[in-house]
Amino acid sequence: MAHAPSAKHGVSYLIPKQGAGQVIVLGPPNAGKSMLIKGLTGADPKVGDYPFTTRHPAPYMMKYKNVRIQLIDLPPITPEIMESWQVELVKVADAALLVVDSADPEAPTVLEALVAKLKERRVEFMRDDYIAPHDFPGPPPFRKRTFLIANKSDLDPAAESLEALKFFFESQLTVLPVSAATGDGLDDLKRRIFDYLDVIRVYSKAPGKKPEHDEPFVLKRGTTVIEMARAVHKDFAEKLNYARLWRGTEYSGQMVPREFVLADEDVCELHL
Ligand SMILES: Nc1nc2c(ncn2[C@@H]2O[C@H](COP(=O)(O)OP(=O)(O)OP(=O)(O)O)[C@@H](O)[C@H]2O)c(=O)[nH]1
Ligand SMILES: [Mg+2]
């Protein structure tokens with residue numbers, strides 16, 4: 001991670017993307033962002049019962065099936081305290097988890113103000129199935145697929161505040177009650193994170209050999225055979241002669257055209 005002061009913008013952070021996607025974890029102080037990351041990744045970010053425990057952004061890796069997904073822990077962000085570099089990190093991420101303490105009666109109010117402030121900075125939180133239009137006119141706002149994480153579902157007043165959160169936000173975002181402390185809801189969340197990144201895993205296979213199931217190529221949904229060849233090696237797209245495909249019971253080694261659209265867990269044999 002690079003961390004450099006610049007004359008114009010003050011501090012800026014650059015966190016190189018790794019794995020199948022970069023997910024930014026943001027929200028007000030003490031919401032349990034770091035503990036959630038701990039629960040999802042098994043890593044050990046600092047967790048504290050006081051606000052502003054996290055002082056610097058940091059990347060962590062979450063394993064899901066045979067892929068790794070990068071989660072970024074951010075220092076707390078509030079309508080009042082919103083650093084430019086924090087907004088930049090949200091803008092470049094592939095998707096977001098907006099985390100609140102569902103046992104906090106103030107959570108809906110704070111969240112509403114936070115979402116409004118970020119909208120002024122051109123960041124918009126979209127439902128997890130949002131698809132960007134192709135012909136969006138003008139400079140687009142930064143629209144991020146997002147889950148609203150109602151954390152601390154293990155606490156007593158959580159049920160009541162959860163209703164309020166759902167009442168205000170469910171029309172915009174999928175609200176997911178979880179407990180970072182007990183682990184409740186975390187397995188379901190991992191699956192949903194993989195799904196909203198909208199990537200597929202394709203296994204390459206050499207002729208006569210078994211596919212490499214441990215090391216999938218992680219590609220955007222909609223990727224074609226020729227684009228996969230390019231991802232495997234920069235020269236392969238040019239050299240591609242034909243490809244064979246395996247997919248469940250549907251395909252068992254048939255030749256497919258270069259423009260063939262791949263799906264999750266396809267096995268593809270490239271002939272050069
Ligand atoms: N009961 C309960 N407590 C939680 C849960 N998640 C986090 N906490 C507690 O909430 C406090 C804050 O947790 P952190 O993970 O440090 O919260 P944070 O959002 O990263 O806080 P900042 O870094 O200050 O923004 C800690 O005392 C945690 O033990 C949860 O699911 N249930
Ligand atoms: Mg933290």
# chains A, B, ... in the order shown; residues from 1 in each chain; ligands from 1

$ closest_atom_pairs --of "chain A" --to "ligand 1" --cutoff "8 Å" --atoms "only C-alpha atoms and all ligand atoms" --output "JSON lines"
{"residue": "A:Leu26", "atom": "CA", "partner": "ligand 1", "partner_atom_place_in_ligand_line": "19 (O)", "distance": 7.9}
{"residue": "A:Gly27", "atom": "CA", "partner": "ligand 1", "partner_atom_place_in_ligand_line": "19 (O)", "distance": 6.7}
{"residue": "A:Pro28", "atom": "CA", "partner": "ligand 1", "partner_atom_place_in_ligand_line": "25 (O)", "distance": 6.0}
{"residue": "A:Pro29", "atom": "CA", "partner": "ligand 1", "partner_atom_place_in_ligand_line": "25 (O)", "distance": 3.6}
{"residue": "A:Asn30", "atom": "CA", "partner": "ligand 1", "partner_atom_place_in_ligand_line": "21 (O)", "distance": 3.5}
{"residue": "A:Ala31", "atom": "CA", "partner": "ligand 1", "partner_atom_place_in_ligand_line": "19 (O)", "distance": 3.8}
{"residue": "A:Gly32", "atom": "CA", "partner": "ligand 1", "partner_atom_place_in_ligand_line": "17 (O)", "distance": 3.2}
{"residue": "A:Lys33", "atom": "CA", "partner": "ligand 1", "partner_atom_place_in_ligand_line": "19 (O)", "distance": 3.8}
{"residue": "A:Ser34", "atom": "CA", "partner": "ligand 1", "partner_atom_place_in_ligand_line": "15 (O)", "distance": 3.7}
{"residue": "A:Met35", "atom": "CA", "partner": "ligand 1", "partner_atom_place_in_ligand_line": "15 (O)", "distance": 3.7}
{"residue": "A:Leu36", "atom": "CA", "partner": "ligand 1", "partner_atom_place_in_ligand_line": "6 (N)", "distance": 6.4}
{"residue": "A:Ile37", "atom": "CA", "partner": "ligand 1", "partner_atom_place_in_ligand_line": "15 (O)", "distance": 7.9}
{"residue": "A:Lys46", "atom": "CA", "partner": "ligand 1", "partner_atom_place_in_ligand_line": "16 (O)", "distance": 6.4}
{"residue": "A:Val47", "atom": "CA", "partner": "ligand 1", "partner_atom_place_in_ligand_line": "16 (O)", "distance": 3.4}
{"residue": "A:Gly48", "atom": "CA", "partner": "ligand 1", "partner_atom_place_in_ligand_line": "16 (O)", "distance": 4.1}
{"residue": "A:Asp49", "atom": "CA", "partner": "ligand 1", "partner_atom_place_in_ligand_line": "27 (O)", "distance": 3.3}
{"residue": "A:Tyr50", "atom": "CA", "partner": "ligand 1", "partner_atom_place_in_ligand_line": "24 (O)", "distance": 6.1}
{"residue": "A:Pro51", "atom": "CA", "partner": "ligand 1", "partner_atom_place_in_ligand_line": "24 (O)", "distance": 3.7}
{"residue": "A:Phe52", "atom": "CA", "partner": "ligand 1", "partner_atom_place_in_ligand_line": "24 (O)", "distance": 3.3}
{"residue": "A:Thr53", "atom": "CA", "partner": "ligand 1", "partner_atom_place_in_ligand_line": "24 (O)", "distance": 3.8}
{"residue": "A:Thr54", "atom": "CA", "partner": "ligand 1", "partner_atom_place_in_ligand_line": "23 (O)", "distance": 3.7}
{"residue": "A:Arg55", "atom": "CA", "partner": "ligand 1", "partner_atom_place_in_ligand_line": "23 (O)", "distance": 7.0}
{"residue": "A:Asp73", "atom": "CA", "partner": "ligand 1", "partner_atom_place_in_ligand_line": "20 (O)", "distance": 7.5}
{"residue": "A:Leu74", "atom": "CA", "partner": "ligand 1", "partner_atom_place_in_ligand_line": "23 (O)", "distance": 7.2}
{"residue": "A:Pro75", "atom": "CA", "partner": "ligand 1", "partner_atom_place_in_ligand_line": "25 (O)", "distance": 5.2}
{"residue": "A:Pro76", "atom": "CA", "partner": "ligand 1", "partner_atom_place_in_ligand_line": "25 (O)", "distance": 3.8}
{"residue": "A:Ile77", "atom": "CA", "partner": "ligand 1", "partner_atom_place_in_ligand_line": "25 (O)", "distance": 7.4}
{"residue": "A:Val99", "atom": "CA", "partner": "ligand 1", "partner_atom_place_in_ligand_line": "19 (O)", "distance": 7.5}
{"residue": "A:Val100", "atom": "CA", "partner": "ligand 1", "partner_atom_place_in_ligand_line": "19 (O)", "distance": 7.8}
{"residue": "A:Asp101", "atom": "CA", "partner": "ligand 1", "partner_atom_place_in_ligand_line": "6 (N)", "distance": 7.8}
{"residue": "A:Asn151", "atom": "CA", "partner": "ligand 1", "partner_atom_place_in_ligand_line": "31 (O)", "distance": 5.2}
{"residue": "A:Lys152", "atom": "CA", "partner": "ligand 1", "partner_atom_place_in_ligand_line": "31 (O)", "distance": 3.4}
{"residue": "A:Ser153", "atom": "CA", "partner": "ligand 1", "partner_atom_place_in_ligand_line": "31 (O)", "distance": 6.2}
{"residue": "A:Asp154", "atom": "CA", "partner": "ligand 1", "partner_atom_place_in_ligand_line": "32 (N)", "distance": 5.7}
{"residue": "A:Leu155", "atom": "CA", "partner": "ligand 1", "partner_atom_place_in_ligand_line": "1 (N)", "distance": 5.4}
{"residue": "A:Val178", "atom": "CA", "partner": "ligand 1", "partner_atom_place_in_ligand_line": "31 (O)", "distance": 6.7}
{"residue": "A:Ser179", "atom": "CA", "partner": "ligand 1", "partner_atom_place_in_ligand_line": "31 (O)", "distance": 3.6}
{"residue": "A:Ala180", "atom": "CA", "partner": "ligand 1", "partner_atom_place_in_ligand_line": "31 (O)", "distance": 3.8}
{"residue": "A:Ala181", "atom": "CA", "partner": "ligand 1", "partner_atom_place_in_ligand_line": "31 (O)", "distance": 4.0}
{"residue": "A:Thr182", "atom": "CA", "partner": "ligand 1", "partner_atom_place_in_ligand_line": "31 (O)", "distance": 6.5}
{"residue": "A:Gly183", "atom": "CA", "partner": "ligand 1", "partner_atom_place_in_ligand_line": "31 (O)", "distance": 7.6}

$ write_last_selection --atoms "N, CA and C atoms" --output "short mmCIF file (atom, residue, chain, number, x, y, z; two decimals), in the first residue's frame"
data_model
loop_
_atom_site.label_atom_id
_atom_site.label_comp_id
_atom_site.auth_asym_id
_atom_site.auth_seq_id
_atom_site.Cartn_x
_atom_site.Cartn_y
_atom_site.Cartn_z
N LEU A 26 -17.21 0.47 4.94
CA LEU A 26 -17.26 1.80 5.52
C LEU A 26 -18.48 1.99 6.39
N GLY A 27 -18.39 3.01 7.25
CA GLY A 27 -19.52 3.30 8.12
C GLY A 27 -19.08 4.15 9.29
N PRO A 28 -20.04 4.52 10.15
CA PRO A 28 -19.71 5.36 11.30
C PRO A 28 -18.84 4.64 12.33
N PRO A 29 -18.30 5.40 13.30
CA PRO A 29 -17.42 4.81 14.32
C PRO A 29 -18.13 3.72 15.11
N ASN A 30 -17.36 2.71 15.53
CA ASN A 30 -17.85 1.68 16.44
C ASN A 30 -18.94 0.78 15.86
N ALA A 31 -19.17 0.84 14.57
CA ALA A 31 -20.23 0.02 13.96
C ALA A 31 -19.85 -1.46 13.98
N GLY A 32 -18.53 -1.71 14.08
CA GLY A 32 -18.05 -3.10 14.07
C GLY A 32 -17.46 -3.49 12.72
N LYS A 33 -16.97 -2.49 11.99
CA LYS A 33 -16.38 -2.76 10.66
C LYS A 33 -15.17 -3.68 10.77
N SER A 34 -14.29 -3.34 11.71
CA SER A 34 -13.06 -4.14 11.84
C SER A 34 -13.38 -5.55 12.34
N MET A 35 -14.33 -5.64 13.26
CA MET A 35 -14.69 -6.96 13.77
C MET A 35 -15.36 -7.80 12.67
N LEU A 36 -16.10 -7.14 11.82
CA LEU A 36 -16.73 -7.84 10.69
C LEU A 36 -15.65 -8.40 9.76
N ILE A 37 -14.64 -7.58 9.49
CA ILE A 37 -13.54 -8.02 8.64
C ILE A 37 -12.80 -9.18 9.28
N LYS A 46 -7.36 -4.29 14.37
CA LYS A 46 -7.61 -3.82 15.73
C LYS A 46 -9.10 -3.51 15.93
N VAL A 47 -9.66 -4.06 17.00
CA VAL A 47 -11.06 -3.84 17.35
C VAL A 47 -11.07 -3.17 18.71
N GLY A 48 -11.91 -2.13 18.90
CA GLY A 48 -11.93 -1.47 20.20
C GLY A 48 -13.31 -0.93 20.52
N ASP A 49 -13.60 -0.80 21.81
CA ASP A 49 -14.93 -0.31 22.19
C ASP A 49 -14.99 1.21 22.25
N TYR A 50 -14.05 1.84 21.56
CA TYR A 50 -14.04 3.31 21.50
C TYR A 50 -14.01 3.72 20.02
N PRO A 51 -14.53 4.91 19.69
CA PRO A 51 -14.56 5.31 18.28
C PRO A 51 -13.16 5.60 17.74
N PHE A 52 -12.99 5.52 16.45
CA PHE A 52 -11.72 5.79 15.76
C PHE A 52 -10.61 4.83 16.16
N THR A 53 -10.99 3.58 16.38
CA THR A 53 -10.00 2.54 16.64
C THR A 53 -9.12 2.35 15.41
N THR A 54 -9.75 2.30 14.25
CA THR A 54 -9.00 2.15 13.00
C THR A 54 -8.53 3.53 12.55
N ARG A 55 -7.20 3.68 12.36
CA ARG A 55 -6.65 4.99 12.02
C ARG A 55 -6.21 5.09 10.57
N ASP A 73 -10.53 -2.19 5.18
CA ASP A 73 -11.03 -1.61 6.44
C ASP A 73 -10.71 -0.11 6.42
N LEU A 74 -11.72 0.69 6.59
CA LEU A 74 -11.52 2.16 6.59
C LEU A 74 -11.68 2.71 8.00
N PRO A 75 -10.93 3.77 8.32
CA PRO A 75 -11.25 4.51 9.54
C PRO A 75 -12.69 5.03 9.42
N PRO A 76 -13.34 5.29 10.54
CA PRO A 76 -14.76 5.67 10.48
C PRO A 76 -14.99 6.91 9.62
N ILE A 77 -16.15 6.93 9.03
CA ILE A 77 -16.51 8.05 8.17
C ILE A 77 -17.87 8.54 8.68
N VAL A 99 -21.64 -0.39 6.83
CA VAL A 99 -21.87 -1.08 8.10
C VAL A 99 -22.40 -0.12 9.16
N VAL A 100 -23.50 -0.53 9.85
CA VAL A 100 -23.98 0.26 10.98
C VAL A 100 -24.24 -0.65 12.17
N ASP A 101 -24.29 -0.03 13.34
CA ASP A 101 -24.63 -0.74 14.57
C ASP A 101 -26.16 -0.74 14.67
N ASN A 151 -25.18 -4.60 11.68
CA ASN A 151 -24.34 -5.42 12.55
C ASN A 151 -24.86 -5.42 13.99
N LYS A 152 -24.30 -6.29 14.80
CA LYS A 152 -24.62 -6.45 16.22
C LYS A 152 -26.05 -6.96 16.42
N SER A 153 -26.49 -7.85 15.54
CA SER A 153 -27.84 -8.41 15.65
C SER A 153 -28.01 -9.24 16.92
N ASP A 154 -26.88 -9.55 17.59
CA ASP A 154 -26.96 -10.31 18.84
C ASP A 154 -27.42 -9.46 20.02
N LEU A 155 -27.37 -8.15 19.87
CA LEU A 155 -27.72 -7.28 21.00
C LEU A 155 -29.24 -7.10 21.12
N VAL A 178 -26.47 -9.04 10.64
CA VAL A 178 -25.40 -9.99 10.95
C VAL A 178 -24.87 -9.70 12.36
N SER A 179 -24.12 -10.64 12.89
CA SER A 179 -23.37 -10.38 14.11
C SER A 179 -21.92 -10.75 13.88
N ALA A 180 -21.07 -9.73 13.84
CA ALA A 180 -19.65 -10.00 13.68
C ALA A 180 -19.13 -10.74 14.91
N ALA A 181 -19.80 -10.52 16.07
CA ALA A 181 -19.34 -11.12 17.33
C ALA A 181 -19.64 -12.62 17.37
N THR A 182 -20.85 -13.03 16.96
CA THR A 182 -21.19 -14.46 17.03
C THR A 182 -20.95 -15.17 15.70
N GLY A 183 -20.80 -14.41 14.64
CA GLY A 183 -20.60 -15.02 13.32
C GLY A 183 -21.91 -15.25 12.58
#

$ select_by_dssp --residues "range 99-220 of chain A" --states "alpha helix (DSSP H)" --output "PyMOL selection string"
chain A and resi 107-120+158-169+186-197

$ write_last_selection --atoms "N, CA, C and O atoms" --output "compact mmCIF listing (two decimals), in the first residue's frame"
# COMPACT_ATOMS: atom_id res chain seq x y z
N ALA A 107 -28.69 5.09 14.45
CA ALA A 107 -28.09 4.58 13.21
C ALA A 107 -28.81 5.06 11.93
O ALA A 107 -28.15 5.54 11.00
N PRO A 108 -30.15 4.98 11.87
CA PRO A 108 -30.80 5.40 10.63
C PRO A 108 -30.55 6.88 10.29
O PRO A 108 -30.31 7.22 9.13
N THR A 109 -30.57 7.73 11.31
CA THR A 109 -30.37 9.17 11.08
C THR A 109 -28.96 9.45 10.59
O THR A 109 -28.74 10.21 9.63
N VAL A 110 -27.97 8.85 11.26
CA VAL A 110 -26.57 9.05 10.88
C VAL A 110 -26.35 8.53 9.46
O VAL A 110 -25.72 9.20 8.62
N LEU A 111 -26.91 7.38 9.19
CA LEU A 111 -26.72 6.76 7.88
C LEU A 111 -27.32 7.62 6.78
O LEU A 111 -26.71 7.81 5.71
N GLU A 112 -28.49 8.16 7.03
CA GLU A 112 -29.15 8.98 6.03
C GLU A 112 -28.28 10.20 5.68
O GLU A 112 -28.08 10.53 4.50
N ALA A 113 -27.73 10.83 6.73
CA ALA A 113 -26.88 12.01 6.51
C ALA A 113 -25.59 11.62 5.79
O ALA A 113 -25.10 12.33 4.91
N LEU A 114 -25.05 10.45 6.15
CA LEU A 114 -23.81 9.97 5.53
C LEU A 114 -24.01 9.70 4.04
O LEU A 114 -23.20 10.12 3.20
N VAL A 115 -25.10 9.03 3.73
CA VAL A 115 -25.40 8.71 2.33
C VAL A 115 -25.60 10.00 1.53
O VAL A 115 -25.11 10.13 0.40
N ALA A 116 -26.27 10.97 2.13
CA ALA A 116 -26.51 12.25 1.44
C ALA A 116 -25.20 13.00 1.19
O ALA A 116 -24.97 13.54 0.10
N LYS A 117 -24.32 13.00 2.21
CA LYS A 117 -23.02 13.69 2.07
C LYS A 117 -22.17 13.05 0.98
O LYS A 117 -21.53 13.73 0.17
N LEU A 118 -22.20 11.72 0.94
CA LEU A 118 -21.39 11.03 -0.07
C LEU A 118 -21.98 11.24 -1.46
O LEU A 118 -21.25 11.29 -2.45
N LYS A 119 -23.28 11.42 -1.52
CA LYS A 119 -23.90 11.68 -2.82
C LYS A 119 -23.44 13.03 -3.36
O LYS A 119 -23.19 13.19 -4.56
N GLU A 120 -23.27 14.00 -2.45
CA GLU A 120 -22.72 15.30 -2.86
C GLU A 120 -21.32 15.14 -3.42
O GLU A 120 -20.89 15.91 -4.28
N ALA A 158 -31.47 -4.55 19.11
CA ALA A 158 -31.21 -4.60 17.68
C ALA A 158 -32.48 -4.79 16.85
O ALA A 158 -32.66 -4.15 15.81
N ALA A 159 -33.38 -5.65 17.33
CA ALA A 159 -34.57 -5.98 16.53
C ALA A 159 -35.37 -4.73 16.19
O ALA A 159 -35.79 -4.53 15.05
N GLU A 160 -35.56 -3.88 17.20
CA GLU A 160 -36.36 -2.67 17.00
C GLU A 160 -35.70 -1.71 16.02
O GLU A 160 -36.34 -1.21 15.09
N SER A 161 -34.39 -1.47 16.23
CA SER A 161 -33.69 -0.54 15.33
C SER A 161 -33.58 -1.12 13.93
O SER A 161 -33.57 -0.38 12.95
N LEU A 162 -33.52 -2.43 13.84
CA LEU A 162 -33.44 -3.08 12.53
C LEU A 162 -34.69 -2.75 11.72
O LEU A 162 -34.61 -2.47 10.52
N GLU A 163 -35.83 -2.75 12.40
CA GLU A 163 -37.08 -2.40 11.70
C GLU A 163 -36.98 -0.99 11.13
O GLU A 163 -37.40 -0.73 10.01
N ALA A 164 -36.41 -0.07 11.92
CA ALA A 164 -36.27 1.31 11.45
C ALA A 164 -35.33 1.38 10.25
O ALA A 164 -35.62 2.05 9.25
N LEU A 165 -34.22 0.66 10.33
CA LEU A 165 -33.27 0.65 9.21
C LEU A 165 -33.94 0.13 7.94
O LEU A 165 -33.79 0.70 6.87
N LYS A 166 -34.69 -0.96 8.12
CA LYS A 166 -35.37 -1.54 6.95
C LYS A 166 -36.41 -0.57 6.41
O LYS A 166 -36.54 -0.38 5.21
N PHE A 167 -37.13 0.06 7.32
CA PHE A 167 -38.18 0.99 6.90
C PHE A 167 -37.60 2.09 6.02
O PHE A 167 -38.14 2.43 4.98
N PHE A 168 -36.45 2.62 6.41
CA PHE A 168 -35.88 3.76 5.67
C PHE A 168 -35.04 3.36 4.46
O PHE A 168 -34.96 4.10 3.50
N PHE A 169 -34.41 2.21 4.53
CA PHE A 169 -33.41 1.93 3.48
C PHE A 169 -33.72 0.75 2.57
O PHE A 169 -33.07 0.59 1.55
N LEU A 186 -22.62 -14.50 8.61
CA LEU A 186 -21.39 -14.22 7.86
C LEU A 186 -21.19 -15.16 6.66
O LEU A 186 -20.68 -14.72 5.63
N ASP A 187 -21.60 -16.40 6.78
CA ASP A 187 -21.45 -17.31 5.64
C ASP A 187 -22.32 -16.86 4.47
O ASP A 187 -21.89 -16.84 3.32
N ASP A 188 -23.54 -16.47 4.81
CA ASP A 188 -24.45 -15.97 3.79
C ASP A 188 -23.87 -14.69 3.16
O ASP A 188 -23.92 -14.51 1.94
N LEU A 189 -23.29 -13.84 3.99
CA LEU A 189 -22.70 -12.59 3.48
C LEU A 189 -21.55 -12.86 2.51
O LEU A 189 -21.44 -12.22 1.47
N LYS A 190 -20.70 -13.85 2.83
CA LYS A 190 -19.58 -14.18 1.94
C LYS A 190 -20.10 -14.56 0.55
O LYS A 190 -19.57 -14.11 -0.46
N ARG A 191 -21.12 -15.38 0.53
CA ARG A 191 -21.68 -15.83 -0.75
C ARG A 191 -22.24 -14.62 -1.51
O ARG A 191 -22.02 -14.46 -2.70
N ARG A 192 -22.92 -13.74 -0.79
CA ARG A 192 -23.50 -12.57 -1.45
C ARG A 192 -22.43 -11.63 -1.99
O ARG A 192 -22.60 -11.00 -3.03
N ILE A 193 -21.32 -11.52 -1.25
CA ILE A 193 -20.22 -10.66 -1.73
C ILE A 193 -19.66 -11.23 -3.03
O ILE A 193 -19.47 -10.51 -4.01
N PHE A 194 -19.45 -12.53 -3.06
CA PHE A 194 -18.96 -13.14 -4.31
C PHE A 194 -19.95 -12.86 -5.44
O PHE A 194 -19.56 -12.47 -6.53
N ASP A 195 -21.25 -13.03 -5.15
CA ASP A 195 -22.27 -12.85 -6.19
C ASP A 195 -22.31 -11.41 -6.70
O ASP A 195 -22.42 -11.20 -7.91
N TYR A 196 -22.22 -10.43 -5.82
CA TYR A 196 -22.40 -9.05 -6.31
C TYR A 196 -21.16 -8.51 -7.02
O TYR A 196 -21.24 -7.50 -7.71
N LEU A 197 -20.04 -9.22 -6.88
CA LEU A 197 -18.86 -8.80 -7.65
C LEU A 197 -19.01 -9.18 -9.12
O LEU A 197 -18.32 -8.66 -9.99

$ closest_residue --among "A:Lys17, A:His56, A:Lys65, A:Arg127" --to "His213 in chain A" --atoms "only C-alpha atoms"
A:Lys65

$ atom_distance --atom1 "CA of Ala96 in chain A" --atom2 "CA of Ile24 in chain A"
4.8 Å

$ atom_distance --atom1 "CA of Met61 in chain A" --atom2 "CA of Val232 in chain A"
22.8 Å

$ select_by_dssp --residues "range 33-250 of chain A" --states "strand (DSSP E or B)" --output "VMD selection string"
chain A and resid 58 to 64 67 to 73 95 to 101 123 to 126 142 to 151 174 to 177 199 to 205 217 to 220 224 242 to 247
